[in-house]
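Engineer: Dumping the structure here so I can ask a few things about it.
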There are 2 protein chains.
Amino acid sequence: MRNISDVIEGYLRQVIELSERDHIEIKRSEVAEKFQCVPSQINYVINTRFTVDRGYLVESKRGGGGYIRIKRIRLHQKSDVIAEVIERLEHGATQVMAEDIVFRLLDEEIISKREAKLILSAVDRGTLLLPIPTRDEVRARILIAMLFTIKYQTNT
Amino acid sequence: MRNISDVIEGYLRQVIELSERDHIEIKRSEVAEKFQCVPSQINYVINTRFTVDRGYLVESKRGGGGYIRIKRIRLHQKSDVIAEVIERLEHGATQVMAEDIVFRLLDEEIISKREAKLILSAVDRGTLLLPIPTRDEVRARILIAMLFTIKYQTNT
DNA sequence: ATACTTAAGTCAAATATAGTCAAAGTCAGC
DNA sequence: GCTGACTTTGACTATATTTGACTTAAGTAT
């Protein structure tokens with residue numbers, strides 16, 4: 001039996017998927033009601049699953065007529081996605097950040113599944129086996145190096 | 001009467017066998033309950049019996065809705081070459097060694113040109129930026145991790 | 001302006017899982 | 001009986017989720 005957070009995540013993803021626009025607007029209390037949970041659970045789902053690293057942007061408004069708006073950031077220029085991602089890595093990368101980024105690149109079809117696995121295995125904490133904060137710094141450098149390789153790749 | 005670890009191993013094997021999918025998900029506490037043992041016994045069984053060498057890959061998640069997922073993996077056709085190469089890496093890898101190995105894998109058509117570049121960029125001394133001998137050790141671990149990924153591909 | 005109403009946000013405690021590690025137990029072979 | 005490999009056990013740790021009390025912001029009525 002799955003947990004409710006994953007169910008809500010799946011629901012929101014689907015709503016975004018089926019939407020004509022590039023963003024959706026939800027009412028926190030309604031979604032909470034639909035899934036029989038407290039409203040702050042929706043914040044939890046959004047904070048843990050709809051992050052910038054995963055390619056989402058969230059805005060909201062309180063008070064009467066309030067809403068939570070979730071946008072999918074789909075950049076069609078691959079190099080833009082990579083450049084953006086590299087910028088986020090400048091100050092070190094935790095394993096979770098790395099995973100989010102790699103899954104996003106996979107999702108955007110910039111890398112293949114096999115390449116994703118390759119990258120993730122390279123930057124896994126069990127592979128690097130270095131003390132923090134060196135580990136996060138090395139991880140960031142490896143990711144940046146690999147992303148550069150992908151970005152400036154010749155088609156041969 | 002066999003020991004409980006063997007019994008649990010047999011049970012899990014059977015569950016995998018009967019499963020439609022190539023992986024199963026279990027709840028550690030439920031299996032422990034079923035066999036009247038402490039939960040960490042399940043970890044013991046998994047660590048000693050469902051290893052990569054025996055063709056399994058294990059993932060898990062903690063917290064509410066947590067699980068342990070056991071996957072079967074399929075050997076890459078060229079796994080012998082990879083195994084041989086990994087052996088050479090056991091005691092650290094200089095950049096030159098890494099390059100030799102990657103070129104050989106490319107030559108044997110085990111990896112693509114793009115993958116070769118990806119790997120080389122990850123283990124470049126300018127990327128790792130660590131002092132010797134740590135650098136050669138980390139480089140070896142990264143290479144081994146990536147080669148393992150190539151060697152063992154899951155069926156999905 | 002001020003007070004009231006309606007939302008969403010924050011944060012920490014409670015809960016639910018799984019992981020690690022080392023001590024203690026078991027058993028086969030010498 | 002002794003030794004070593006393997007197994008069993010449980011205390012402690014790590015991580016993810018759920019819940020609710022309290023806070024903050026925006027709109028509305030007086």
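Note on naming: chains are A, B, ... as they come in the structure tokens, residues start from 1 per chain, ligands start from 1 in the order shown.
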Quick one: superpose chain A on chain B on all Cα atoms, same order, and give the RMSD.

Structural biologist: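 Result of the CA superposition: 12.0 Å.
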
Engineer: Kindly provide, as a PyMOL selection string, the residues of chain D having any atom no farther than 10 Å from an atom of chain B, counting only C-alpha atoms (C1' of nucleotides).

Structural biologist: chain D and resi 7-10+14-18

Engineer: What residues in chain C have any atom no more than 10 Å from chain A when counting only C-alpha atoms (C1' of nucleotides), and can you write them as a list in words?

Structural biologist: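 Every residue of chain C that passes the 10 Å test is in DT5, DT6, DA7, DA8, DG9 and DT10 of chain C.
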
Engineer: List as a Markdown table every residue of chain B that is in contact with chain A, defined as an atom at most 7 Å from one of its atoms (using only C-alpha atoms), together with the nearest atom pair and the distance in Å rounded to one decimal, sorted by chain and then rising number.

Structural biologist:
| residue | atom | partner | partner_atom | distance |
| --- | --- | --- | --- | --- |
| B:Gly64 | CA | A:Asn3 | CA | 6.3 |
| B:Gly65 | CA | A:Asn3 | CA | 4.7 |
| B:Lys117 | CA | A:Thr149 | CA | 6.7 |
| B:Leu118 | CA | A:Met146 | CA | 5.3 |
| B:Ser121 | CA | A:Ala145 | CA | 5.6 |
| B:Ala122 | CA | A:Ile142 | CA | 4.9 |
| B:Thr127 | CA | A:Arg141 | CA | 5.6 |
| B:Leu128 | CA | A:Val138 | CA | 6.0 |
| B:Val138 | CA | A:Leu128 | CA | 6.0 |
| B:Arg141 | CA | A:Thr127 | CA | 5.6 |
| B:Ile142 | CA | A:Ala122 | CA | 4.9 |
| B:Ala145 | CA | A:Ser121 | CA | 5.5 |
| B:Met146 | CA | A:Leu118 | CA | 5.3 |
| B:Thr149 | CA | A:Leu118 | CA | 6.1 |

Engineer: Neighbouring residues of DC30 (chain C) were defined as those with any atom within 12 Å, considering only C-alpha atoms (C1' of nucleotides); residues of the same chain fewer than 3 positions away were excluded. Please report them as a tab-separated table (two decimals) with C-alpha atoms (C1' of nucleotides), in the first residue's frame.

Structural biologist:
chain	number	residue	atom	x	y	z
D	1	DG	C1'	36.86	-28.85	23.59
D	2	DC	C1'	38.39	-25.25	20.13
D	3	DT	C1'	37.92	-22.49	16.08
D	4	DG	C1'	35.83	-20.09	12.57

Engineer: Give me, as a PyMOL selection string, the residues of chain A that a backbone DSSP run labels helix (DSSP H, G or I).

Structural biologist: chain A and resi 4-18+28-34+40-49+78-89+95-107+113-123+125-128+134-151

Engineer: Run DSSP on the backbone and tell me which residues of region 38-143 of chain A come out as strand (DSSP E); list them as a PDB file with N, CA and C atoms, in the first residue's frame.

Structural biologist:
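Result file follows (out16.pdb):
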ATOM      1  N   TYR A  56      10.043  22.204 -11.865  1.00  0.00           N
ATOM      2  CA  TYR A  56       8.752  22.828 -11.580  1.00  0.00           C
ATOM      3  C   TYR A  56       8.948  24.170 -10.899  1.00  0.00           C
ATOM      4  N   LEU A  57       7.971  25.011 -11.073  1.00  0.00           N
ATOM      5  CA  LEU A  57       7.986  26.310 -10.422  1.00  0.00           C
ATOM      6  C   LEU A  57       6.632  26.476  -9.750  1.00  0.00           C
ATOM      7  N   VAL A  58       6.645  26.879  -8.509  1.00  0.00           N
ATOM      8  CA  VAL A  58       5.389  26.974  -7.771  1.00  0.00           C
ATOM      9  C   VAL A  58       5.155  28.400  -7.276  1.00  0.00           C
ATOM     10  N   GLU A  59       3.952  28.877  -7.478  1.00  0.00           N
ATOM     11  CA  GLU A  59       3.555  30.189  -6.969  1.00  0.00           C
ATOM     12  C   GLU A  59       2.252  29.982  -6.213  1.00  0.00           C
ATOM     13  N   SER A  60       1.943  30.917  -5.325  1.00  0.00           N
ATOM     14  CA  SER A  60       0.667  30.771  -4.635  1.00  0.00           C
ATOM     15  C   SER A  60       0.161  32.117  -4.151  1.00  0.00           C
ATOM     16  N   LYS A  61      -1.061  32.092  -3.755  1.00  0.00           N
ATOM     17  CA  LYS A  61      -1.665  33.297  -3.204  1.00  0.00           C
ATOM     18  C   LYS A  61      -2.553  32.885  -2.036  1.00  0.00           C
ATOM     19  N   TYR A  67      -4.807  30.260  -4.198  1.00  0.00           N
ATOM     20  CA  TYR A  67      -4.516  29.103  -5.047  1.00  0.00           C
ATOM     21  C   TYR A  67      -3.048  28.717  -4.915  1.00  0.00           C
ATOM     22  N   ILE A  68      -2.737  27.562  -5.446  1.00  0.00           N
ATOM     23  CA  ILE A  68      -1.343  27.162  -5.608  1.00  0.00           C
ATOM     24  C   ILE A  68      -1.194  26.868  -7.093  1.00  0.00           C
ATOM     25  N   ARG A  69      -0.245  27.511  -7.719  1.00  0.00           N
ATOM     26  CA  ARG A  69      -0.032  27.323  -9.151  1.00  0.00           C
ATOM     27  C   ARG A  69       1.262  26.545  -9.359  1.00  0.00           C
ATOM     28  N   ILE A  70       1.182  25.495 -10.119  1.00  0.00           N
ATOM     29  CA  ILE A  70       2.367  24.693 -10.417  1.00  0.00           C
ATOM     30  C   ILE A  70       2.652  24.771 -11.905  1.00  0.00           C
ATOM     31  N   LYS A  71       3.874  25.159 -12.226  1.00  0.00           N
ATOM     32  CA  LYS A  71       4.286  25.273 -13.627  1.00  0.00           C
ATOM     33  C   LYS A  71       5.342  24.241 -13.949  1.00  0.00           C
ATOM     34  N   ARG A  72       5.226  23.684 -15.117  1.00  0.00           N
ATOM     35  CA  ARG A  72       6.268  22.788 -15.599  1.00  0.00           C
ATOM     36  C   ARG A  72       7.215  23.650 -16.406  1.00  0.00           C
TER      37      ARG A  72
END

Engineer: Have a look at CA of Ala93 (chain B) and CA of Asp136 (chain B) and let me know their distance in Å, one decimal.

Structural biologist: 4.9 Å

Engineer: Which is closer to Ala32 (chain B) than all the others in B:Tyr11, B:Glu99, B:Arg54, B:Val85, using only C-alpha atoms?

Structural biologist: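 Closest to Ala32 (chain B) of all the choices is B:Tyr11.
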
Engineer: Distance CA of Val31 (chain B)-CA of Leu12 (chain B), one decimal place?

Structural biologist: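 Taking CA of Val31 (chain B) as the start and CA of Leu12 (chain B) as the end point, the length is 9.3 Å.
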
Engineer: When you draw a straight line from CA of Glu9 (chain B) to CA of Asp53 (chain B), how long is it in Å?

Structural biologist: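 Interatomic distance here is 15.5 Å.
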
Engineer: Looking at C:DA14, C:DG19, C:DT2, C:DA24, which one is nearest to Asn47 (chain B), with distances taken over only C-alpha atoms (C1' of nucleotides)?

Structural biologist: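 Nearest to Asn47 (chain B): C:DG19.
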